[in-house]
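Okay, structure first, notes after.
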Amino acid sequence: MNEASEDSVRQRMKDDFLPEPSPDTLGQVDRRMTNAAEYIAYHLGQIDKKLDRLIALLEARGKP
């Protein structure tokens, strides 16, 4: 994947998720489910990174 594609995917993941439930996409449930799963995975990863930083700060604060 080239850098422009990676940036595009990253930006889509940062934007609010819109499942696009229009009459035109009702037959594309698999694609929408895949997009939703990728969105969820991205945001869980972001939460995990923030929790890791928080834990490190709390542990550093608790040491004498």
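Chain lettering (A, B, ...) mirrors the order of the structure tokens, residue numbering begins at 1 for each chain separately, and ligand numbering begins at 1 in order of display.
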Considering only alpha helix (DSSP H) as DSSP defines it on the backbone, what residues of chain A qualify? List them as an NGL selection string. :A and (3-14 or 29-62)
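Distance annotation: of A:Asp15, A:Asp30, A:Glu3, A:Glu59, the residue with the minimal separation from His43 in chain A is A:Asp15; atom set is only C-alpha atoms.
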Work out how far CA of Arg53 in chain A is from CA of Ala36 in chain A, in Å to one decimal.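 Calculated distance between CA of Ala36 in chain A and CA of Arg53 in chain A is 26.1 Å.
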Shell of 12 Å around Ile40 in chain A, only C-alpha atoms, local chain residues under 6 positions omitted, as number ranges by chain: A: 12-17, 33-34, 46-47
Would you mind exporting N, CA, C and O atoms of the selected residues as a compact mmCIF listing (two decimals), in the first residue's frame?
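Resulting contents of result.txt:
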```txt
# COMPACT_ATOMS: atom_id res chain seq x y z
N ARG A 12 -9.97 7.96 7.04
CA ARG A 12 -11.30 7.36 7.14
C ARG A 12 -11.54 6.77 8.51
O ARG A 12 -12.64 6.83 9.05
N MET A 13 -10.51 6.19 9.12
CA MET A 13 -10.65 5.58 10.43
C MET A 13 -10.82 6.65 11.51
O MET A 13 -11.47 6.43 12.52
N LYS A 14 -10.22 7.82 11.31
CA LYS A 14 -10.33 8.90 12.29
C LYS A 14 -11.68 9.59 12.23
O LYS A 14 -12.14 10.13 13.22
N ASP A 15 -12.30 9.58 11.06
CA ASP A 15 -13.62 10.20 10.90
C ASP A 15 -14.68 9.37 11.60
O ASP A 15 -14.49 8.18 11.85
N ASP A 16 -15.80 9.99 11.89
CA ASP A 16 -16.92 9.25 12.47
C ASP A 16 -17.37 8.17 11.50
O ASP A 16 -17.41 8.38 10.29
N PHE A 17 -17.74 7.02 12.04
CA PHE A 17 -18.16 5.91 11.21
C PHE A 17 -19.59 6.13 10.72
O PHE A 17 -20.49 6.38 11.51
N MET A 33 -19.91 -4.51 6.88
CA MET A 33 -19.46 -5.18 8.10
C MET A 33 -17.94 -5.17 8.20
O MET A 33 -17.39 -4.97 9.28
N THR A 34 -17.27 -5.34 7.08
CA THR A 34 -15.80 -5.28 7.07
C THR A 34 -15.33 -3.89 7.45
O THR A 34 -14.41 -3.73 8.25
N GLN A 46 -6.27 2.55 19.28
CA GLN A 46 -6.00 3.88 19.81
C GLN A 46 -6.24 3.93 21.31
O GLN A 46 -5.47 4.53 22.07
N ILE A 47 -7.30 3.29 21.77
CA ILE A 47 -7.60 3.23 23.22
C ILE A 47 -6.48 2.49 23.94
O ILE A 47 -6.02 2.92 25.00
```
